[in-house]
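Visitor: Before anything else, here's the structure in question.
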Amino acid sequence: MIPHKKVFNEALSSMKSIKIGDLKIALPIIQGGMGIGVSLSGLAAAVANEGGVGTISAVAPGFREPDFLTNFREANMRALRNEIRKARELSKGVLAVNIMVALTNFADMVHTAIKEKIDIIISGAGLALNLPEYRPAGSKTKLVPIVSTDRALNVIIRKWLKGYECLPDAVVLESSYSGGHQGIKMEDVGKEEFNLDQQLPKVLALLEGYEKEYNQKIPVFVAGGVQTGADIRKYIQMGAAGAQIGTRFITTNECDAAQEFKEEYLKAKSPDDIVVIQSPVGLPLRVLKTKFVKEIMAGEKKPIACYFKCLHTCDYHKASFCIARALVNAQSGLVDEGVCCSGVNGYLNNEITSVHELIEKIKQEYSEDSSSV
Ligand SMILES: Cc1cc2nc3c(=O)[nH]c(=O)nc-3n(C[C@H](O)[C@H](O)[C@H](O)COP(=O)(O)O)c2cc1C
Ligand code: SF4
């Protein structure tokens, strides 16, 4: 029987908890990992305290350590360990670490997170083909790849089944409207076939087969331009378990970056203030049009001193700027000399608020929208 409209609306009037394996997530929102230093223990713990998944970024977490330039490996492992422990002191909620595949210290970061018994590792910016290799038997850490297409997800699943006899514990499906690096080629950014509306049904259809065959639920979280509670609701109605949100969490008191960094997002007033440039990582990068970004777009080349070759794919002989330096500059407040990653809807951030207030607002947007179905 088709439920009566009112009953249907009530069932969707508030966000429901979901499970990733044995892990219960009270609020189906993952705060996206944001490097460098934008989401550390402060933001992650605040989101986890609200019932969502709080994510610590593992991109150069050691950038404030005194030996960062001289002992890159150790400094980053120590800092990640400390951030996980700090977040655990601040919250009993669910915590994740986001580890980009393109990092040269990917293995160090994964080993450290698993040793610290992190709840979830989320991994993108490349295909996380060998992620399960690092998870020892008995570890309860959940492994979640980020993908842009059903095809990429299928490649990962086949490799995981063949090599490690496991499936992803959940999946983040990210569109090319997200803040930061995009998992597709520059010429494909914004193309309809890569939008969530087109990709989500394909990903769900692909997973249905594996879920039945292996009797395992694989929740899908949508990401990229998912800004409001109404957006989340739309994708939950389409079959997603929840959403991963990045940019909207930047303008919170708890976000770990400098005040000047947060205020830069408030200055963006229209979609034209957000652009996609080529990153030295070799992927398109969606950012605010800061002074630095305008200069790069005009063809300027910034001086590069590559101290630690942090990215496999960065050809620093050819790159026009050092993305690591630009990200550290921005997060520490030197926005005119830096890069501020932003999703396509970043210009809608119009106030700095607490994570609690923001989550309450998202919940309200979610339930308000249900009354119009
Ligand atoms: C400032 C910033 C930094 C980010 N850094 C990373 C990162 O280090 N690794 C990653 O996988 N995604 C990164 N992302 C993407 C987010 O985790 C998230 O998936 C994305 O922001 C979702 O799109 P939205 O910004 O439109 O909400 C970053 C996004 C932003 C805005
Ligand atoms: S030049 Fe490239 S590899 Fe070297 S530190 Fe900068 S971003 Fe990392």
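Here's how to read the names in the structure tokens: chain A, B, ... by the order shown, residue numbers from 1 in each chain, ligand numbers from 1 in the order shown.
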Which residues are near Arg78 (chain A)? Cut-off 12 Å, only C-alpha atoms, ignore same chain within fewer than 2 positions. Put them as a PyMOL selection string.

Guide: chain A and resi 58+60-68+71-76+80-85+108-109+111-113+116

Visitor: Show me, as a ChimeraX atom specification, the residues that have an atom within 7 Å of region 336-341 of chain A when counting only C-alpha atoms, minus same-chain residues fewer than 6 positions from it.

Guide: /A:179-180,286-288,290-293,326-327,329-330

Visitor: Could you list, as a list in words, all residues that come within 8 Å of ligand 2? Count only C-alpha atoms and all ligand atoms.

Guide: Pro280, Val281, Ile304, Ala305, Cys306, Tyr307, Phe308, Lys309, Cys310, Leu311, His312, Thr313, Cys314, Asp315, Tyr316, Ala319, Phe321, Cys322, Ile323, Ala324 and Arg325 of chain A

Visitor: What would the file look like if the residues just selected were written as an mmCIF file, in the first residue's frame with N, CA, C and O atoms?

Guide:
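The result, stored in selection.cif:
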```cif
data_model
loop_
_atom_site.group_PDB
_atom_site.id
_atom_site.type_symbol
_atom_site.label_atom_id
_atom_site.label_comp_id
_atom_site.auth_asym_id
_atom_site.auth_seq_id
_atom_site.Cartn_x
_atom_site.Cartn_y
_atom_site.Cartn_z
ATOM 1 N N PRO A 280 48.529 21.596 -8.797
ATOM 2 C CA PRO A 280 49.774 20.836 -9.007
ATOM 3 C C PRO A 280 49.595 19.341 -8.738
ATOM 4 O O PRO A 280 50.401 18.527 -9.173
ATOM 5 N N VAL A 281 48.527 18.975 -8.028
ATOM 6 C CA VAL A 281 48.229 17.556 -7.773
ATOM 7 C C VAL A 281 47.918 16.825 -9.091
ATOM 8 O O VAL A 281 48.001 15.608 -9.183
ATOM 9 N N ILE A 304 58.773 28.197 -5.960
ATOM 10 C CA ILE A 304 58.544 26.919 -5.267
ATOM 11 C C ILE A 304 59.850 26.413 -4.661
ATOM 12 O O ILE A 304 60.876 26.365 -5.326
ATOM 13 N N ALA A 305 59.804 26.089 -3.373
ATOM 14 C CA ALA A 305 60.932 25.377 -2.754
ATOM 15 C C ALA A 305 60.329 24.105 -2.176
ATOM 16 O O ALA A 305 59.688 24.143 -1.138
ATOM 17 N N CYS A 306 60.473 23.008 -2.903
ATOM 18 C CA CYS A 306 59.820 21.766 -2.467
ATOM 19 C C CYS A 306 60.697 21.058 -1.442
ATOM 20 O O CYS A 306 61.684 20.437 -1.788
ATOM 21 N N TYR A 307 60.334 21.191 -0.178
ATOM 22 C CA TYR A 307 61.157 20.624 0.892
ATOM 23 C C TYR A 307 60.895 19.141 1.102
ATOM 24 O O TYR A 307 61.759 18.405 1.524
ATOM 25 N N PHE A 308 59.663 18.699 0.840
ATOM 26 C CA PHE A 308 59.359 17.339 1.292
ATOM 27 C C PHE A 308 58.567 16.492 0.320
ATOM 28 O O PHE A 308 58.077 15.457 0.685
ATOM 29 N N LYS A 309 58.414 16.921 -0.930
ATOM 30 C CA LYS A 309 57.709 16.117 -1.945
ATOM 31 C C LYS A 309 56.502 15.414 -1.303
ATOM 32 O O LYS A 309 56.482 14.201 -1.120
ATOM 33 N N CYS A 310 55.498 16.218 -0.951
ATOM 34 C CA CYS A 310 54.359 15.667 -0.193
ATOM 35 C C CYS A 310 53.362 14.911 -1.062
ATOM 36 O O CYS A 310 52.562 14.146 -0.555
ATOM 37 N N LEU A 311 53.401 15.152 -2.396
ATOM 38 C CA LEU A 311 52.412 14.525 -3.285
ATOM 39 C C LEU A 311 53.086 13.714 -4.385
ATOM 40 O O LEU A 311 54.007 14.207 -5.038
ATOM 41 N N HIS A 312 52.599 12.503 -4.598
ATOM 42 C CA HIS A 312 53.155 11.673 -5.677
ATOM 43 C C HIS A 312 53.063 12.388 -7.017
ATOM 44 O O HIS A 312 53.961 12.315 -7.840
ATOM 45 N N THR A 313 51.908 13.049 -7.222
ATOM 46 C CA THR A 313 51.577 13.524 -8.559
ATOM 47 C C THR A 313 51.992 14.971 -8.815
ATOM 48 O O THR A 313 51.720 15.496 -9.891
ATOM 49 N N CYS A 314 52.652 15.618 -7.860
ATOM 50 C CA CYS A 314 53.033 17.026 -8.063
ATOM 51 C C CYS A 314 54.380 17.097 -8.765
ATOM 52 O O CYS A 314 55.394 16.663 -8.233
ATOM 53 N N ASP A 315 54.365 17.664 -9.984
ATOM 54 C CA ASP A 315 55.632 17.872 -10.691
ATOM 55 C C ASP A 315 56.082 19.299 -10.395
ATOM 56 O O ASP A 315 55.711 20.249 -11.080
ATOM 57 N N TYR A 316 56.881 19.434 -9.335
ATOM 58 C CA TYR A 316 57.206 20.783 -8.865
ATOM 59 C C TYR A 316 58.152 21.537 -9.796
ATOM 60 O O TYR A 316 58.372 22.729 -9.628
ATOM 61 N N ALA A 319 55.023 22.877 -11.915
ATOM 62 C CA ALA A 319 53.862 23.484 -11.236
ATOM 63 C C ALA A 319 54.024 25.002 -11.126
ATOM 64 O O ALA A 319 55.141 25.506 -10.986
ATOM 65 N N PHE A 321 52.616 26.790 -8.729
ATOM 66 C CA PHE A 321 52.680 27.151 -7.309
ATOM 67 C C PHE A 321 52.750 25.879 -6.476
ATOM 68 O O PHE A 321 52.470 24.779 -6.962
ATOM 69 N N CYS A 322 53.134 26.042 -5.200
ATOM 70 C CA CYS A 322 53.171 24.896 -4.282
ATOM 71 C C CYS A 322 51.829 24.885 -3.544
ATOM 72 O O CYS A 322 51.536 25.803 -2.766
ATOM 73 N N ILE A 323 51.032 23.873 -3.799
ATOM 74 C CA ILE A 323 49.695 23.827 -3.197
ATOM 75 C C ILE A 323 49.784 23.689 -1.666
ATOM 76 O O ILE A 323 48.983 24.268 -0.933
ATOM 77 N N ALA A 324 50.799 22.973 -1.196
ATOM 78 C CA ALA A 324 50.941 22.810 0.264
ATOM 79 C C ALA A 324 51.175 24.170 0.927
ATOM 80 O O ALA A 324 50.510 24.521 1.916
ATOM 81 N N ARG A 325 52.094 24.945 0.361
ATOM 82 C CA ARG A 325 52.396 26.267 0.921
ATOM 83 C C ARG A 325 51.160 27.176 0.843
ATOM 84 O O ARG A 325 50.801 27.864 1.803
#
```

Visitor: Find the residues near ligand 1. Use a cut-off of 7 Å, count only C-alpha atoms and all ligand atoms, and write them as a tab-separated table (two decimals) with N, CA and C atoms, in the first residue's frame.

Guide:
```tsv
chain	number	residue	atom	x	y	z
A	32	GLY	N	33.18	16.65	5.93
A	32	GLY	CA	34.27	16.27	5.04
A	32	GLY	C	35.63	16.68	5.60
A	33	GLY	N	36.63	15.84	5.41
A	33	GLY	CA	37.99	16.16	5.85
A	33	GLY	C	38.51	17.34	5.03
A	34	MET	N	39.11	18.32	5.69
A	34	MET	CA	39.58	19.51	4.97
A	34	MET	C	41.00	19.88	5.38
A	35	GLY	N	41.91	19.73	4.38
A	35	GLY	CA	43.30	20.05	4.63
A	35	GLY	C	43.65	21.38	3.96
A	36	ILE	N	44.69	22.04	4.33
A	36	ILE	CA	45.58	21.64	5.43
A	36	ILE	C	45.13	22.37	6.69
A	38	VAL	N	42.28	22.64	8.23
A	38	VAL	CA	40.95	23.26	8.33
A	38	VAL	C	40.05	22.40	9.22
A	57	SER	N	41.59	15.94	8.97
A	57	SER	CA	42.35	15.84	7.71
A	57	SER	C	43.77	15.36	7.99
A	58	ALA	N	44.22	14.42	7.15
A	58	ALA	CA	45.60	13.91	7.32
A	58	ALA	C	46.54	14.50	6.27
A	59	VAL	N	46.16	15.65	5.69
A	59	VAL	CA	47.09	16.33	4.78
A	59	VAL	C	47.99	17.22	5.63
A	98	ASN	N	40.55	11.61	7.13
A	98	ASN	CA	40.53	11.65	5.67
A	98	ASN	C	41.98	11.62	5.18
A	99	ILE	N	42.27	10.61	4.34
A	99	ILE	CA	43.65	10.44	3.88
A	99	ILE	C	43.67	10.39	2.35
A	100	MET	N	44.27	11.40	1.74
A	100	MET	CA	44.30	11.45	0.27
A	100	MET	C	45.28	10.42	-0.29
A	123	SER	N	38.93	7.91	2.10
A	123	SER	CA	40.09	8.12	1.25
A	123	SER	C	39.71	8.39	-0.20
A	124	GLY	N	40.21	9.54	-0.71
A	124	GLY	CA	39.93	9.91	-2.10
A	124	GLY	C	41.12	10.60	-2.74
A	125	ALA	N	40.85	11.49	-3.72
A	125	ALA	CA	41.90	12.15	-4.52
A	125	ALA	C	42.80	11.09	-5.15
A	174	GLU	N	31.13	11.66	-4.65
A	174	GLU	CA	31.37	13.11	-4.67
A	174	GLU	C	31.24	13.68	-6.08
A	177	TYR	N	31.04	19.38	-7.97
A	177	TYR	CA	30.67	20.68	-7.39
A	177	TYR	C	31.26	20.84	-5.99
A	178	SER	N	32.12	19.92	-5.61
A	178	SER	CA	32.67	19.94	-4.24
A	178	SER	C	33.81	20.95	-4.11
A	179	GLY	N	34.13	21.26	-2.86
A	179	GLY	CA	35.30	22.09	-2.58
A	179	GLY	C	36.56	21.25	-2.71
A	180	GLY	N	37.62	21.87	-3.24
A	180	GLY	CA	38.90	21.17	-3.32
A	180	GLY	C	39.08	20.37	-4.60
A	181	HIS	N	39.84	19.27	-4.50
A	181	HIS	CA	40.19	18.49	-5.68
A	181	HIS	C	39.02	17.70	-6.24
A	223	ALA	N	28.16	13.85	-1.76
A	223	ALA	CA	28.96	15.03	-1.43
A	223	ALA	C	29.14	15.91	-2.66
A	224	GLY	N	29.44	17.18	-2.40
A	224	GLY	CA	29.72	18.10	-3.50
A	224	GLY	C	28.56	19.01	-3.79
A	225	GLY	N	28.58	20.20	-3.20
A	225	GLY	CA	27.49	21.15	-3.41
A	225	GLY	C	26.25	20.82	-2.61
A	226	VAL	N	26.34	19.84	-1.72
A	226	VAL	CA	25.19	19.51	-0.86
A	226	VAL	C	25.25	20.48	0.31
A	227	GLN	N	24.38	21.46	0.29
A	227	GLN	CA	24.55	22.59	1.22
A	227	GLN	C	23.50	22.61	2.33
A	244	GLN	N	27.98	13.97	2.86
A	244	GLN	CA	29.25	14.52	3.38
A	244	GLN	C	29.27	15.99	2.98
A	245	ILE	N	29.48	16.84	3.97
A	245	ILE	CA	29.46	18.29	3.75
A	245	ILE	C	30.78	18.89	4.19
A	246	GLY	N	31.36	19.74	3.34
A	246	GLY	CA	32.63	20.36	3.69
A	246	GLY	C	32.49	21.85	3.93
A	247	THR	N	32.31	22.60	2.83
A	247	THR	CA	32.40	24.07	2.87
A	247	THR	C	31.51	24.70	3.94
A	248	ARG	N	30.33	24.17	4.13
A	248	ARG	CA	29.42	24.84	5.08
A	248	ARG	C	29.97	24.82	6.51
A	340	CYS	N	41.92	29.00	-0.90
A	340	CYS	CA	40.82	28.59	-0.01
A	340	CYS	C	39.88	27.70	-0.83
A	341	CYS	N	39.90	26.41	-0.59
A	341	CYS	CA	39.03	25.50	-1.35
A	341	CYS	C	37.57	25.77	-1.00
A	342	SER	N	36.72	25.72	-2.00
A	342	SER	CA	35.29	25.95	-1.74
A	342	SER	C	34.42	25.16	-2.69
A	343	GLY	N	33.34	24.63	-2.16
A	343	GLY	CA	32.32	24.00	-2.99
A	343	GLY	C	31.59	25.07	-3.77
A	344	VAL	N	30.82	24.64	-4.74
A	344	VAL	CA	30.15	25.57	-5.66
A	344	VAL	C	29.17	26.49	-4.91
A	345	ASN	N	28.69	26.05	-3.75
A	345	ASN	CA	27.74	26.87	-2.99
A	345	ASN	C	28.38	27.65	-1.84
```

Visitor: Mind listing the helix (DSSP H, G or I) residues of region 93-323 of chain A, per DSSP on the backbone, as a VMD selection string?

Guide: chain A and resid 106 to 115 131 to 134 150 to 164 186 to 188 192 to 194 196 to 214 229 to 237 247 to 249 259 to 267 271 to 273 291 to 297 323

Visitor: Find the residues near region 350-354 of chain A: any atom within 9 Å, counting only C-alpha atoms, skip ones fewer than 4 places away on the same chain, and give them as a ChimeraX atom specification.

Guide: /A:46,250-254,262-263,265-269,358-359

Visitor: Using the selection just defined, write its residues with N, CA, C and O atoms as a compact mmCIF listing (two decimals), in the first residue's frame.

Guide:
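Just written: part-v1.txt:
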```txt
# COMPACT_ATOMS: atom_id res chain seq x y z
N ALA A 46 33.55 18.63 17.49
CA ALA A 46 32.27 19.36 17.59
C ALA A 46 31.19 18.66 16.77
O ALA A 46 30.05 18.54 17.21
N ILE A 250 33.04 25.34 7.29
CA ILE A 250 34.20 26.23 7.45
C ILE A 250 33.86 27.45 8.29
O ILE A 250 34.65 27.88 9.14
N THR A 251 32.66 28.01 8.07
CA THR A 251 32.30 29.22 8.80
C THR A 251 31.64 28.88 10.14
O THR A 251 30.51 29.30 10.44
N THR A 252 32.36 28.08 10.91
CA THR A 252 31.92 27.78 12.28
C THR A 252 33.03 28.20 13.24
O THR A 252 34.21 28.24 12.86
N ASN A 253 32.63 28.46 14.49
CA ASN A 253 33.63 28.84 15.50
C ASN A 253 34.65 27.74 15.69
O ASN A 253 35.83 27.99 15.94
N GLU A 254 34.20 26.49 15.56
CA GLU A 254 35.08 25.35 15.87
C GLU A 254 36.02 24.97 14.74
O GLU A 254 36.96 24.20 14.96
N LYS A 262 38.12 32.06 7.53
CA LYS A 262 36.65 31.90 7.57
C LYS A 262 35.96 33.11 6.94
O LYS A 262 34.99 32.98 6.19
N GLU A 263 36.50 34.31 7.25
CA GLU A 263 35.87 35.54 6.75
C GLU A 263 35.96 35.66 5.23
O GLU A 263 35.12 36.30 4.60
N TYR A 265 35.30 33.44 3.15
CA TYR A 265 34.12 32.79 2.57
C TYR A 265 32.90 33.70 2.65
O TYR A 265 32.04 33.67 1.79
N LEU A 266 32.88 34.52 3.71
CA LEU A 266 31.74 35.45 3.84
C LEU A 266 31.79 36.53 2.77
O LEU A 266 30.78 37.09 2.37
N LYS A 267 33.02 36.82 2.27
CA LYS A 267 33.16 37.85 1.23
C LYS A 267 32.65 37.37 -0.11
O LYS A 267 32.31 38.17 -0.97
N ALA A 268 32.62 36.06 -0.33
CA ALA A 268 32.12 35.53 -1.60
C ALA A 268 30.62 35.73 -1.65
O ALA A 268 29.90 35.33 -0.75
N LYS A 269 30.14 36.41 -2.68
CA LYS A 269 28.71 36.76 -2.73
C LYS A 269 27.98 36.14 -3.91
O LYS A 269 26.75 36.20 -3.99
N LEU A 358 24.63 25.39 13.58
CA LEU A 358 24.59 25.02 12.15
C LEU A 358 23.83 23.70 11.96
O LEU A 358 22.97 23.59 11.08
N ILE A 359 24.13 22.73 12.80
CA ILE A 359 23.45 21.43 12.68
C ILE A 359 21.95 21.59 12.94
O ILE A 359 21.11 21.01 12.24
```

Visitor: Using only C-alpha atoms, which of A:Gly333, A:Ile296, A:Ala230, A:Gly209 sits nearest Met15 (chain A)?

Guide: A:Ala230

Visitor: Report, in Å with one decimal, the straight-line distance from CA of Gln31 (chain A) to CA of Glu192 (chain A).

Guide: 25.0 Å

Visitor: Neighbouring residues of Leu173 (chain A) were defined as those with any atom within 7 Å, considering only C-alpha atoms; residues of the same chain fewer than 3 positions away were excluded. Please report them as a list of chain:residue names.

Guide: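 In the requested form, the answer reads A:Ile146, A:Val147, A:Ser148, A:Val220, A:Phe221, A:Val222, A:Ala223.
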
Visitor: Those residues with N, CA and C atoms, as a PDB file, in the first residue's frame please?

Guide:
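Generated output (out.pdb):
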```pdb
ATOM      1  N   ILE A 146      36.230   7.420  -1.505  1.00  0.00           N
ATOM      2  CA  ILE A 146      35.473   8.498  -2.158  1.00  0.00           C
ATOM      3  C   ILE A 146      35.592   8.252  -3.660  1.00  0.00           C
ATOM      4  N   VAL A 147      34.460   8.278  -4.354  1.00  0.00           N
ATOM      5  CA  VAL A 147      34.490   8.087  -5.812  1.00  0.00           C
ATOM      6  C   VAL A 147      33.622   9.161  -6.486  1.00  0.00           C
ATOM      7  N   SER A 148      33.881   9.341  -7.789  1.00  0.00           N
ATOM      8  CA  SER A 148      33.065  10.286  -8.562  1.00  0.00           C
ATOM      9  C   SER A 148      32.068   9.564  -9.448  1.00  0.00           C
ATOM     10  N   VAL A 220      25.606   4.835   1.196  1.00  0.00           N
ATOM     11  CA  VAL A 220      26.227   5.819   0.305  1.00  0.00           C
ATOM     12  C   VAL A 220      25.955   7.232   0.831  1.00  0.00           C
ATOM     13  N   PHE A 221      27.012   8.008   0.950  1.00  0.00           N
ATOM     14  CA  PHE A 221      26.904   9.411   1.369  1.00  0.00           C
ATOM     15  C   PHE A 221      27.217  10.282   0.155  1.00  0.00           C
ATOM     16  N   VAL A 222      26.314  11.216  -0.165  1.00  0.00           N
ATOM     17  CA  VAL A 222      26.566  12.086  -1.310  1.00  0.00           C
ATOM     18  C   VAL A 222      27.331  13.325  -0.864  1.00  0.00           C
ATOM     19  N   ALA A 223      28.160  13.853  -1.763  1.00  0.00           N
ATOM     20  CA  ALA A 223      28.962  15.033  -1.427  1.00  0.00           C
ATOM     21  C   ALA A 223      29.138  15.908  -2.663  1.00  0.00           C
TER      22      ALA A 223
END
```

Visitor: Please provide as a ChimeraX atom specification all residues within 10 Å of region 87-92 of chain A, with the sequence filter that same-chain residues fewer than 5 positions apart are discarded (counting only C-alpha atoms).

Guide: /A:40-51,54-56,82,118

Visitor: Would you export the selected residues with N, CA and C atoms as a CSV table (one decimal), in the first residue's frame, please?

Guide:
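out-v9.csv, freshly written:
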```
chain,number,residue,atom,x,y,z
A,40,LEU,N,40.7,19.7,12.0
A,40,LEU,CA,41.5,19.0,12.9
A,40,LEU,C,40.6,18.6,14.1
A,41,SER,N,41.2,18.4,15.2
A,41,SER,CA,40.4,17.9,16.4
A,41,SER,C,39.2,18.8,16.8
A,42,GLY,N,39.4,20.1,16.6
A,42,GLY,CA,38.3,21.1,17.1
A,42,GLY,C,37.0,20.8,16.3
A,43,LEU,N,37.1,20.9,15.0
A,43,LEU,CA,35.9,20.8,14.2
A,43,LEU,C,35.4,19.4,14.3
A,44,ALA,N,36.3,18.4,14.2
A,44,ALA,CA,35.8,17.0,14.1
A,44,ALA,C,35.1,16.6,15.4
A,45,ALA,N,35.6,17.0,16.6
A,45,ALA,CA,35.0,16.7,17.8
A,45,ALA,C,33.6,17.4,17.9
A,46,ALA,N,33.5,18.6,17.5
A,46,ALA,CA,32.3,19.4,17.6
A,46,ALA,C,31.2,18.7,16.8
A,47,VAL,N,31.5,18.2,15.6
A,47,VAL,CA,30.5,17.5,14.7
A,47,VAL,C,30.2,16.2,15.3
A,48,ALA,N,31.2,15.5,15.8
A,48,ALA,CA,30.9,14.2,16.5
A,48,ALA,C,30.0,14.3,17.7
A,49,ASN,N,30.2,15.4,18.4
A,49,ASN,CA,29.3,15.7,19.6
A,49,ASN,C,27.9,15.9,19.2
A,50,GLU,N,27.6,16.3,17.9
A,50,GLU,CA,26.3,16.5,17.5
A,50,GLU,C,25.7,15.2,16.9
A,51,GLY,N,26.5,14.2,16.9
A,51,GLY,CA,25.9,12.9,16.4
A,51,GLY,C,26.4,12.6,15.0
A,54,GLY,N,32.8,13.3,12.6
A,54,GLY,CA,33.8,14.4,12.6
A,54,GLY,C,35.0,13.8,12.0
A,55,THR,N,35.5,14.6,11.0
A,55,THR,CA,36.7,14.1,10.2
A,55,THR,C,37.9,15.0,10.4
A,56,ILE,N,39.0,14.3,10.7
A,56,ILE,CA,40.3,15.0,10.8
A,56,ILE,C,41.0,14.9,9.5
A,82,ASN,N,48.3,13.0,17.8
A,82,ASN,CA,47.9,14.0,18.9
A,82,ASN,C,46.4,14.5,18.5
A,118,ILE,N,41.0,4.6,15.0
A,118,ILE,CA,40.0,5.5,14.5
A,118,ILE,C,38.8,4.7,14.0
```
